[in-house]
Structure formats: structure tokens, C-alpha cells
Amino acid sequence: MEKIVSLCKRRGFIFQSSEIYGGLSACWDYGPIGVELKRNVKEAWWRAMVHSRRDIVGLDASILMHPRVWEASGHLAGFADPLVDCKECKERFRADHLENLQKCPKCGGKLTEVRKFNLMFKTFMGPLEDESATVFMRPETAQGIFVNFLNVQQAARLKPPFGIAQIGKSFRNEITPGNFTYRTREFEQMEMEFFVPPAEDEQWYGYWKKARFDWYVSCGIQPDHLRLRDHAKEELAHYAKSCCDVEYNFPFGWSELEGIANRTDFDLKQHSEHSGKSLAFFDEETKQHYFPYVIEPAAGADRATLAFLVDAYAVEGEGKDARTVLRLHPALAPIKVAVLPLSKNEQLVPLADEVAGSLRKHFMIDVDLTGSIGKRYRRQDEVGTPLCVTIDFDSLEDRAVTVRDRDTMQQERVAIPELLPLLHERLG
Ligand code: ATP
């Protein structure tokens, strides 16, 4: 894991937030390469969940919501983790993560009684900092979808089964953040609420478990590094009838990437009750109102990005021949093609600029002029660039370039007019 953290910093994937001030714990900033990777992860999710389906639409709700939303959802009363402190070393733990509540796992000291700690961040709206002005930073994006259920359903003229998808920031004052970007206090979620007739809940629950597992595989994660884990009854959240996690085998062990839950009609009913406005769906065919059940695949953009990074990371060979390579799926790769003139020559550089210019409309391109060609290939391998295009002195004569593949390291000569179709074919 340390190697990945150091690669992330060195190559501009991820930096510690406010680093020059000593850093802000559990907050991270995505640099020039990381922001591309994370955007591509979100884009791949949106394409799979919204653009490629006729039954799911998107939403972008605000982070701050009416405080009563959190009363209705149960977060105000129940979104709390059990907390214990070590009386000696002062370390803080989540009680549900400890096997022994008598002894500190770090120093063996005595632990305090278990206390409940609400994970929602509070802030104030308007100039008065009093109780009536308190608002919360949303701890999940889902509630923005539930309160808009009828707005979206009516505007888009949808009938269950249908879904509403959203990507956005969420905030949780986690007791024990850590493992790099795995558990942070500010993070981005990719959530979809799929509203179904109650009798179809089991069928759709099974469908989404499989579809979500398959999505990670289609984006390049090796299937044996993933597993589905069904929650036991005692583990279920207050609103859930059943829940299953997609887990990834991180260097720190199998851990949740995404949860797929059957949230029943809990949220729509709660908001109807608390707001006094019914969120029941009216079925034109049967002329009846009913509350759909909700199947929710809830993923984290940061956790998914970390899993894609970990899974793609490889070191090949040894000593000075060793190369670090990120075998990212081309759809996720931050830079798709690097254009490399063999040297900083006054004829090669303009041709490289010309080639790069013609490709830039189609792909995220990098042009790298510095260092030996071998070093430049290694630099591109490290950030997962699938293809490099090298321009050499022969290119000036034959208007052809060399295309080098990240994974096989094989090279082939391609005429410049044939370059674009070849790159499209390779990058998919
Ligand atoms: P955990 O048990 O790890 O705290 P959770 O079960 O509370 O997670 P959910 O409420 O199901 O998580 O949230 C859905 C997804 O949002 C998670 O699967 C994860 O990918 C992401 N997520 C939740 N909390 C965090 C966090 N603190 N940092 C980064 N991502 C998070």
C-alpha cells in the first residue's frame, strides 16, 4: 500500500489536503492525473447506470437539505457509530471493529464504556448561529433522491421499475478514518435508487447484485479479487430488509466497495409522514396508489478509484530493468495516448505537435519531450497510459510513427493518416 501512496503523490494522483499546513486528517486532493482517473470512474458508472439504460435517469441534488429530512430518514437519531477510547494511549476505536472490548488493541490499556457518536457534520445557515439555523452536510446522497421521487417520476413520466442515479459529495465525521482514501470524512458517492413494485423486490435485488459485481469486472478488476458478501440479519441498517456488499481484496484485507440494499418502502413512507406530502406512486392502470420498494446500489467513487489503482498496479522485472506499470482499463486510464518525439529536435517537435493536435479532439493526450525515450515510456507506464506514439527521424520522410503498447511493450509502425482509426480501435 505504501508504494501506491507514494506513486500517487509522486505522479500527481492524490495529495494530502492542506499539506503545507501539516495536512488535514482524512482529507485528500486529487492532482492532475488523479482527477482524470476519478472522472473516468464516475463517467464509466454514469454510462453504465444512466446513458446505456432506458429505465434510469439522473439527478444532482444539493448537499444541504431541510433539517427535517434527517429526522425522517432516521439519521438524526440513529446514524451513529459506537465509540470507545483507550484510557491510557487515548487512541479512539469503533467498538464494532474490536473483538475485545476490555483491552486496547494498541497498548493493552483499559477502554472506556461504549458511547454513541453521531457521524453527521453540522453547520449553520444564515447569520444566526443557533439551534434553529442548524443544517447538516448530507451523509449520503440517497435522501436527495427520495425527496425528489415524485418530481422526477412526473417530469420524466416514469413508472416502476425505474431508477434515479446521482453522483455527489457526502460527509461523515468518521471515528477511525484511514487506509488512504478508503475511509475519509469527505467523499464522493455514486448511488442509484431503483423503485420497483413491492412484489418484484427480490428479483431486482438479485439482478443488481450481479450487475454491480459485473461492472467492476468490466472496468478491469480481476474477478477473483472481488466477492459478494451477504449481511447477517443483525448487521442490517434500520431501513434494510437485506443487504449485500461488493468487497475487494485490498492490501489491508477484504473490505466493502459498495453496498446493495433492499431499503423497502421505508424512506418514501417516512418522508410522506414527516412532510405531510404523500410520495406514493399512482398507477394509472390499476388506479391505485402504492409505495414502491427501493433497491439501492450505493458505491463510493473514491473507494472504487482506489480499488482500480490497487488492482492495476504491478512491478515487473528486477533491478534497473524493473518497471512499474498500471494496467488500467483504457476507459479509466487518465492519459489515453502520449506523443513522444524522439528528441527535442526543431523538426520532430513541430511534427509531434501536429500529431498531438489532431488527436487531442478525440482523446486525453500528453506530449512529453524530456529524458530518454526509455525513461519516458516508463513514466507513461507508471500512470497507466495504454499507448505511446513515437515520432522519429524516419517519420519526417515516411510520415509514419511507432505505436507502443503499455502491456505487451510491442511496437508497430503506422502511417499518420491511419493512426486515428487504429487508436480508436485499440482504446475501444
Ligand atoms: P462502512 O461500513 O465502510 O463505513 P457503509 O456501509 O456505512 O460503509 P454506505 O452507507 O453503504 O457505507 O455507503 C455506500 C458507499 O459509500 C460505501 O460502500 C463506500 O464505497 C462509500 N463510503 C461510505 N463511507 C465512506 C467513507 N467514509 N469514505 C469513503 N467512502 C465511503
# chains A, B, ... in the order shown; residues from 1 in each chain; ligands from 1
$ residues_near_ligand --ligand "ligand 1" --cutoff "9 Å" --atoms "only C-alpha atoms and all ligand atoms" --output "PyMOL selection string"
chain A and resi 26+139-140+170-174+176-178+181-191+237+245-247+255-261+297-304
$ select_by_dssp --residues "stretch 42-195 of chain A" --states "alpha helix (DSSP H)" --output "ChimeraX atom specification"
/A:42-46,68-73,75-78,142-147,149-155
$ write_last_selection --atoms "N, CA and C atoms" --output "PDB file, in the first residue's frame"
ATOM      1  N   LYS A  42     -16.190   7.862 -12.572  1.00  0.00           N
ATOM      2  CA  LYS A  42     -17.564   8.356 -12.452  1.00  0.00           C
ATOM      3  C   LYS A  42     -18.280   8.296 -13.806  1.00  0.00           C
ATOM      4  N   GLU A  43     -17.532   8.610 -14.857  1.00  0.00           N
ATOM      5  CA  GLU A  43     -18.084   8.587 -16.211  1.00  0.00           C
ATOM      6  C   GLU A  43     -18.505   7.156 -16.595  1.00  0.00           C
ATOM      7  N   ALA A  44     -17.645   6.182 -16.248  1.00  0.00           N
ATOM      8  CA  ALA A  44     -17.954   4.778 -16.572  1.00  0.00           C
ATOM      9  C   ALA A  44     -19.206   4.336 -15.811  1.00  0.00           C
ATOM     10  N   TRP A  45     -19.321   4.781 -14.556  1.00  0.00           N
ATOM     11  CA  TRP A  45     -20.505   4.436 -13.748  1.00  0.00           C
ATOM     12  C   TRP A  45     -21.749   5.068 -14.367  1.00  0.00           C
ATOM     13  N   TRP A  46     -21.657   6.354 -14.725  1.00  0.00           N
ATOM     14  CA  TRP A  46     -22.814   7.084 -15.274  1.00  0.00           C
ATOM     15  C   TRP A  46     -23.251   6.465 -16.608  1.00  0.00           C
ATOM     16  N   ARG A  68     -35.266  18.626   8.565  1.00  0.00           N
ATOM     17  CA  ARG A  68     -36.243  17.580   8.902  1.00  0.00           C
ATOM     18  C   ARG A  68     -36.064  16.322   8.050  1.00  0.00           C
ATOM     19  N   VAL A  69     -35.350  16.472   6.915  1.00  0.00           N
ATOM     20  CA  VAL A  69     -35.037  15.286   6.087  1.00  0.00           C
ATOM     21  C   VAL A  69     -34.341  14.235   6.949  1.00  0.00           C
ATOM     22  N   TRP A  70     -33.422  14.703   7.802  1.00  0.00           N
ATOM     23  CA  TRP A  70     -32.578  13.776   8.578  1.00  0.00           C
ATOM     24  C   TRP A  70     -33.299  13.212   9.793  1.00  0.00           C
ATOM     25  N   GLU A  71     -34.351  13.920  10.192  1.00  0.00           N
ATOM     26  CA  GLU A  71     -35.233  13.388  11.227  1.00  0.00           C
ATOM     27  C   GLU A  71     -36.007  12.208  10.631  1.00  0.00           C
ATOM     28  N   ALA A  72     -36.587  12.456   9.435  1.00  0.00           N
ATOM     29  CA  ALA A  72     -37.415  11.439   8.774  1.00  0.00           C
ATOM     30  C   ALA A  72     -36.589  10.215   8.377  1.00  0.00           C
ATOM     31  N   SER A  73     -35.373  10.444   7.895  1.00  0.00           N
ATOM     32  CA  SER A  73     -34.567   9.329   7.384  1.00  0.00           C
ATOM     33  C   SER A  73     -34.035   8.455   8.512  1.00  0.00           C
ATOM     34  N   HIS A  75     -31.458   9.467  10.377  1.00  0.00           N
ATOM     35  CA  HIS A  75     -30.040   9.774  10.596  1.00  0.00           C
ATOM     36  C   HIS A  75     -29.796  10.558  11.882  1.00  0.00           C
ATOM     37  N   LEU A  76     -30.730  11.450  12.210  1.00  0.00           N
ATOM     38  CA  LEU A  76     -30.529  12.274  13.401  1.00  0.00           C
ATOM     39  C   LEU A  76     -30.481  11.402  14.653  1.00  0.00           C
ATOM     40  N   ALA A  77     -31.383  10.434  14.703  1.00  0.00           N
ATOM     41  CA  ALA A  77     -31.434   9.579  15.895  1.00  0.00           C
ATOM     42  C   ALA A  77     -30.467   8.406  15.796  1.00  0.00           C
ATOM     43  N   GLY A  78     -30.289   7.894  14.590  1.00  0.00           N
ATOM     44  CA  GLY A  78     -29.614   6.599  14.518  1.00  0.00           C
ATOM     45  C   GLY A  78     -28.316   6.511  13.754  1.00  0.00           C
ATOM     46  N   ALA A 142     -28.503   9.606  -1.117  1.00  0.00           N
ATOM     47  CA  ALA A 142     -29.794   8.941  -1.361  1.00  0.00           C
ATOM     48  C   ALA A 142     -31.004   9.802  -0.996  1.00  0.00           C
ATOM     49  N   GLN A 143     -30.907  10.549   0.119  1.00  0.00           N
ATOM     50  CA  GLN A 143     -32.098  11.278   0.561  1.00  0.00           C
ATOM     51  C   GLN A 143     -32.522  12.356  -0.442  1.00  0.00           C
ATOM     52  N   GLY A 144     -31.572  12.920  -1.162  1.00  0.00           N
ATOM     53  CA  GLY A 144     -31.909  13.894  -2.208  1.00  0.00           C
ATOM     54  C   GLY A 144     -32.761  13.252  -3.292  1.00  0.00           C
ATOM     55  N   ILE A 145     -32.543  11.970  -3.500  1.00  0.00           N
ATOM     56  CA  ILE A 145     -33.331  11.227  -4.495  1.00  0.00           C
ATOM     57  C   ILE A 145     -34.729  10.949  -3.949  1.00  0.00           C
ATOM     58  N   PHE A 146     -34.811  10.501  -2.694  1.00  0.00           N
ATOM     59  CA  PHE A 146     -36.139  10.148  -2.147  1.00  0.00           C
ATOM     60  C   PHE A 146     -37.066  11.362  -2.107  1.00  0.00           C
ATOM     61  N   VAL A 147     -36.556  12.507  -1.633  1.00  0.00           N
ATOM     62  CA  VAL A 147     -37.457  13.657  -1.519  1.00  0.00           C
ATOM     63  C   VAL A 147     -37.871  14.188  -2.895  1.00  0.00           C
ATOM     64  N   PHE A 149     -38.547  12.092  -5.399  1.00  0.00           N
ATOM     65  CA  PHE A 149     -39.097  10.936  -6.113  1.00  0.00           C
ATOM     66  C   PHE A 149     -40.249  11.324  -7.053  1.00  0.00           C
ATOM     67  N   LEU A 150     -41.237  12.052  -6.540  1.00  0.00           N
ATOM     68  CA  LEU A 150     -42.382  12.373  -7.399  1.00  0.00           C
ATOM     69  C   LEU A 150     -42.045  13.446  -8.430  1.00  0.00           C
ATOM     70  N   ASN A 151     -41.185  14.410  -8.062  1.00  0.00           N
ATOM     71  CA  ASN A 151     -40.760  15.423  -9.050  1.00  0.00           C
ATOM     72  C   ASN A 151     -40.177  14.734 -10.276  1.00  0.00           C
ATOM     73  N   VAL A 152     -39.260  13.809 -10.033  1.00  0.00           N
ATOM     74  CA  VAL A 152     -38.566  13.145 -11.144  1.00  0.00           C
ATOM     75  C   VAL A 152     -39.535  12.217 -11.892  1.00  0.00           C
ATOM     76  N   GLN A 153     -40.294  11.448 -11.134  1.00  0.00           N
ATOM     77  CA  GLN A 153     -41.202  10.470 -11.752  1.00  0.00           C
ATOM     78  C   GLN A 153     -42.190  11.179 -12.681  1.00  0.00           C
ATOM     79  N   GLN A 154     -42.724  12.325 -12.207  1.00  0.00           N
ATOM     80  CA  GLN A 154     -43.724  13.023 -13.020  1.00  0.00           C
ATOM     81  C   GLN A 154     -43.071  13.752 -14.190  1.00  0.00           C
ATOM     82  N   ALA A 155     -41.942  14.410 -13.937  1.00  0.00           N
ATOM     83  CA  ALA A 155     -41.278  15.167 -15.011  1.00  0.00           C
ATOM     84  C   ALA A 155     -40.802  14.237 -16.126  1.00  0.00           C
TER      85      ALA A 155
END
$ residues_around --residues "A:Pro105" --least-positions-apart "6" --cutoff "12 Å" --atoms "only C-alpha atoms" --output "ChimeraX atom specification"
/A:84-86,88-95,97-99,111
$ write_last_selection --atoms "all heavy atoms" --output "short mmCIF file (atom, residue, chain, number, x, y, z; two decimals), in the first residue's frame"
data_model
loop_
_atom_site.label_atom_id
_atom_site.label_comp_id
_atom_site.auth_asym_id
_atom_site.auth_seq_id
_atom_site.Cartn_x
_atom_site.Cartn_y
_atom_site.Cartn_z
N VAL A 84 -15.27 3.83 21.46
CA VAL A 84 -14.57 3.65 22.74
C VAL A 84 -13.20 4.33 22.66
O VAL A 84 -12.61 4.43 21.58
CB VAL A 84 -14.33 2.16 23.11
CG1 VAL A 84 -15.61 1.46 23.54
CG2 VAL A 84 -13.65 1.39 21.99
N ASP A 85 -12.74 4.82 23.81
CA ASP A 85 -11.40 5.44 23.87
C ASP A 85 -10.52 4.60 24.78
O ASP A 85 -11.02 3.99 25.73
CB ASP A 85 -11.50 6.84 24.49
CG ASP A 85 -12.16 7.82 23.57
OD1 ASP A 85 -11.65 8.00 22.46
OD2 ASP A 85 -13.22 8.38 23.94
N CYS A 86 -9.23 4.60 24.49
CA CYS A 86 -8.30 3.94 25.40
C CYS A 86 -7.94 4.95 26.49
O CYS A 86 -7.57 6.09 26.19
CB CYS A 86 -7.04 3.49 24.66
SG CYS A 86 -5.80 2.88 25.81
N GLU A 88 -5.49 4.86 28.41
CA GLU A 88 -4.05 5.10 28.53
C GLU A 88 -3.45 5.84 27.32
O GLU A 88 -3.01 6.96 27.44
CB GLU A 88 -3.31 3.79 28.79
CG GLU A 88 -3.14 3.60 30.29
CD GLU A 88 -3.32 2.17 30.72
OE1 GLU A 88 -2.50 1.36 30.27
OE2 GLU A 88 -4.26 1.88 31.49
N CYS A 89 -3.53 5.20 26.13
CA CYS A 89 -2.87 5.85 24.98
C CYS A 89 -3.79 6.83 24.26
O CYS A 89 -3.36 7.50 23.32
CB CYS A 89 -2.31 4.82 24.00
SG CYS A 89 -3.55 3.93 23.06
N LYS A 90 -5.05 6.92 24.69
CA LYS A 90 -6.03 7.90 24.17
C LYS A 90 -6.47 7.61 22.73
O LYS A 90 -7.15 8.43 22.11
CB LYS A 90 -5.49 9.36 24.23
CG LYS A 90 -4.95 9.76 25.57
CD LYS A 90 -6.05 9.90 26.60
CE LYS A 90 -5.50 10.24 27.96
NZ LYS A 90 -6.26 9.69 29.07
N GLU A 91 -6.06 6.46 22.19
CA GLU A 91 -6.48 6.10 20.84
C GLU A 91 -7.99 5.85 20.85
O GLU A 91 -8.55 5.41 21.86
CB GLU A 91 -5.71 4.84 20.40
CG GLU A 91 -5.91 4.44 18.98
CD GLU A 91 -5.05 5.22 17.98
OE1 GLU A 91 -4.07 5.88 18.39
OE2 GLU A 91 -5.39 5.16 16.79
N ARG A 92 -8.64 6.14 19.73
CA ARG A 92 -10.10 6.01 19.64
C ARG A 92 -10.44 4.88 18.66
O ARG A 92 -9.81 4.74 17.62
CB ARG A 92 -10.64 7.34 19.14
CG ARG A 92 -12.10 7.44 19.06
CD ARG A 92 -12.51 8.89 19.07
NE ARG A 92 -12.53 9.43 20.42
CZ ARG A 92 -12.97 10.66 20.71
NH1 ARG A 92 -13.39 11.45 19.75
NH2 ARG A 92 -12.99 11.07 21.96
N PHE A 93 -11.44 4.07 18.99
CA PHE A 93 -11.79 2.93 18.13
C PHE A 93 -13.30 2.86 17.92
O PHE A 93 -14.07 3.33 18.76
CB PHE A 93 -11.36 1.60 18.76
CG PHE A 93 -9.91 1.53 19.09
CD1 PHE A 93 -9.46 1.85 20.36
CD2 PHE A 93 -8.98 1.17 18.12
CE1 PHE A 93 -8.11 1.80 20.67
CE2 PHE A 93 -7.63 1.11 18.43
CZ PHE A 93 -7.19 1.43 19.71
N ARG A 94 -13.70 2.21 16.81
CA ARG A 94 -15.10 1.86 16.64
C ARG A 94 -15.31 0.55 17.35
O ARG A 94 -14.66 -0.45 17.03
CB ARG A 94 -15.42 1.72 15.15
CG ARG A 94 -16.26 2.88 14.65
CD ARG A 94 -16.41 2.83 13.18
NE ARG A 94 -17.38 1.82 12.78
CZ ARG A 94 -17.84 1.71 11.54
NH1 ARG A 94 -17.42 2.54 10.61
NH2 ARG A 94 -18.71 0.77 11.22
N ALA A 95 -16.24 0.53 18.31
CA ALA A 95 -16.44 -0.67 19.13
C ALA A 95 -16.79 -1.87 18.27
O ALA A 95 -16.38 -3.00 18.56
CB ALA A 95 -17.53 -0.40 20.16
N HIS A 97 -15.63 -2.65 15.53
CA HIS A 97 -14.45 -3.16 14.81
C HIS A 97 -13.50 -3.92 15.75
O HIS A 97 -12.48 -4.42 15.31
CB HIS A 97 -13.68 -2.01 14.15
CG HIS A 97 -14.35 -1.46 12.92
ND1 HIS A 97 -13.89 -0.37 12.24
CD2 HIS A 97 -15.47 -1.87 12.26
CE1 HIS A 97 -14.68 -0.12 11.21
NE2 HIS A 97 -15.66 -1.02 11.20
N LEU A 98 -13.83 -3.95 17.05
CA LEU A 98 -12.95 -4.61 18.02
C LEU A 98 -13.50 -5.97 18.44
O LEU A 98 -14.72 -6.12 18.58
CB LEU A 98 -12.80 -3.75 19.28
CG LEU A 98 -12.14 -2.37 19.13
CD1 LEU A 98 -11.99 -1.72 20.49
CD2 LEU A 98 -10.78 -2.48 18.45
N GLU A 99 -12.61 -6.92 18.63
CA GLU A 99 -13.06 -8.23 19.11
C GLU A 99 -13.18 -8.22 20.62
O GLU A 99 -14.07 -8.82 21.20
CB GLU A 99 -12.09 -9.31 18.66
CG GLU A 99 -12.42 -9.76 17.25
CD GLU A 99 -11.41 -10.71 16.69
OE1 GLU A 99 -10.65 -11.32 17.48
OE2 GLU A 99 -11.38 -10.82 15.45
N LEU A 111 -10.28 0.30 28.23
CA LEU A 111 -11.11 1.10 27.33
C LEU A 111 -12.29 1.71 28.09
O LEU A 111 -12.74 1.17 29.10
CB LEU A 111 -11.65 0.21 26.19
CG LEU A 111 -10.60 -0.40 25.27
CD1 LEU A 111 -11.23 -1.39 24.31
CD2 LEU A 111 -9.88 0.69 24.48
#
$ select_by_dssp --residues "stretch 250-403 of chain A" --states "strand (DSSP E or B)" --output "PyMOL selection string"
chain A and resi 250+253-264+281-283+288-290+293-300+313-316+323-326+337-341+365-367+387-391+400-403
$ closest_atom_pairs --of "stretch 9-102 of chain A" --to "stretch 118-121 of chain A" --cutoff "7 Å" --atoms "only C-alpha atoms" --output "JSON lines"
{"residue": "A:Phe79", "atom": "CA", "partner": "A:Asn118", "partner_atom": "CA", "distance": 5.7}
{"residue": "A:Ala80", "atom": "CA", "partner": "A:Asn118", "partner_atom": "CA", "distance": 4.1}
{"residue": "A:Asp81", "atom": "CA", "partner": "A:Asn118", "partner_atom": "CA", "distance": 6.6}
$ closest_residue --among "A:Val349, A:Val114, A:Ala280, A:Val337" --to "A:Arg406" --atoms "only C-alpha atoms"
A:Val337
$ residues_around --residues "A:Asp321" --least-positions-apart "6" --cutoff "12 Å" --atoms "only C-alpha atoms" --output "list in words"
Val315, Gly374, Lys375 and Arg378 of chain A
$ residues_around --residues "A:Leu423" --least-positions-apart "6" --cutoff "10 Å" --atoms "only C-alpha atoms" --output "ChimeraX atom specification"
/A:336-337,359,362-363,386-387,389,403
$ write_last_selection --atoms "C-alpha atoms" --output "tab-separated table (two decimals), in the first residue's frame"
chain	number	residue	atom	x	y	z
A	336	LYS	CA	-5.00	7.68	-23.35
A	337	VAL	CA	-2.08	8.44	-25.67
A	359	LEU	CA	-5.57	13.55	-31.61
A	362	HIS	CA	-10.55	12.68	-29.53
A	363	PHE	CA	-8.51	11.65	-26.51
A	386	PRO	CA	-2.21	2.48	-22.76
A	387	LEU	CA	-0.44	3.71	-25.90
A	389	VAL	CA	3.17	7.30	-30.23
A	403	VAL	CA	2.80	2.89	-31.65
$ closest_residue --among "A:Ala232, A:His271, A:Pro251, A:Phe291" --to "A:Glu2" --atoms "only C-alpha atoms"
A:Pro251
$ residues_around --residues "stretch 366-372 of chain A" --least-positions-apart "6" --cutoff "7 Å" --atoms "only C-alpha atoms" --output "NGL selection string"
:A and (335 or 337-341 or 343-344)
$ residues_around --residues "A:Lys3" --least-positions-apart "2" --cutoff "12 Å" --atoms "only C-alpha atoms" --output "ChimeraX atom specification"
/A:1,5-11,180,251,309-310,313-315,324,382
$ closest_residue --among "A:Pro292, A:Pro330, A:Thr286, A:Ala312" --to "A:His424" --atoms "only C-alpha atoms"
A:Pro330
